[in-house]
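Participant: My structure is below; once you've seen it, I'll send some questions.
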Amino acid sequence: MTHLTRDVLIKTIVATEMQTNDGEDYTKQLKETKHKWEHASSEELCKKYNQIQKANITVEILAP
């Protein structure tokens with residue numbers, strides 16, 4: 001299994017959210033979505049990742 005880091009969580013969340021983009025202003029939407037999640041707390045990232053992946057990760061198991 002991949003070592004889970006904030007970066008891995010962010011990429012997974014952004015990729016999932018961008019799947020619903022209809023192609024309009026894709027680059028702008030990608031930047032905004034990435035910026036939003038880069039500034040989210042680790043707890044928020046874990047919560048969203050758990051929803052997407054149906055997992056149960058916690059901040060404590062994130063690799064530095």
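Letters A, B, ... go to the chains of the structure tokens in the order shown; residues in each chain start at 1; ligands are counted from 1 in the same order.
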If you count only C-alpha atoms, which residues fall within 12 Å of A:Leu62, apart from same-chain ones fewer than 3 positions away, as a tab-separated table (two decimals) with C-alpha atoms, in the first residue's frame?
Facilitator:
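Output below, filename part16.tsv:
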```
chain	number	residue	atom	x	y	z
A	2	THR	CA	1.18	3.52	-0.75
A	3	HIS	CA	2.33	5.57	2.20
A	4	LEU	CA	-0.51	7.97	2.74
A	5	THR	CA	0.57	11.59	2.89
A	6	ARG	CA	-1.35	14.84	2.69
A	7	ASP	CA	-0.19	15.07	-0.94
A	8	VAL	CA	-1.66	11.65	-1.81
A	9	LEU	CA	-4.95	12.58	-0.16
A	42	SER	CA	-5.49	17.10	7.70
A	43	GLU	CA	-8.69	16.13	9.51
A	45	LEU	CA	-8.63	15.66	4.13
A	46	CYS	CA	-8.98	12.37	6.00
A	49	TYR	CA	-10.71	10.70	1.58
A	56	ASN	CA	-11.09	4.69	7.81
A	57	ILE	CA	-7.81	6.58	7.94
A	58	THR	CA	-6.88	9.05	10.65
A	59	VAL	CA	-4.44	11.93	10.84
```
Participant: Could you check how far atom CA of A:Met18 sits from atom CA of A:Leu30, in Å to one decimal?
Facilitator: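 Pair atom CA of A:Met18 / atom CA of A:Leu30 returns 6.9 Å.
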Participant: Write down as a PyMOL selection string the residues of stretch 7-43 of chain A whose backbone DSSP state falls under helix (DSSP H, G or I).
Facilitator: chain A and resi 7-18+26-38+42-43
Participant: State, in Å with one decimal place, the distance from atom CA of A:Thr33 to atom CA of A:Ile10.
Facilitator: 9.5 Å
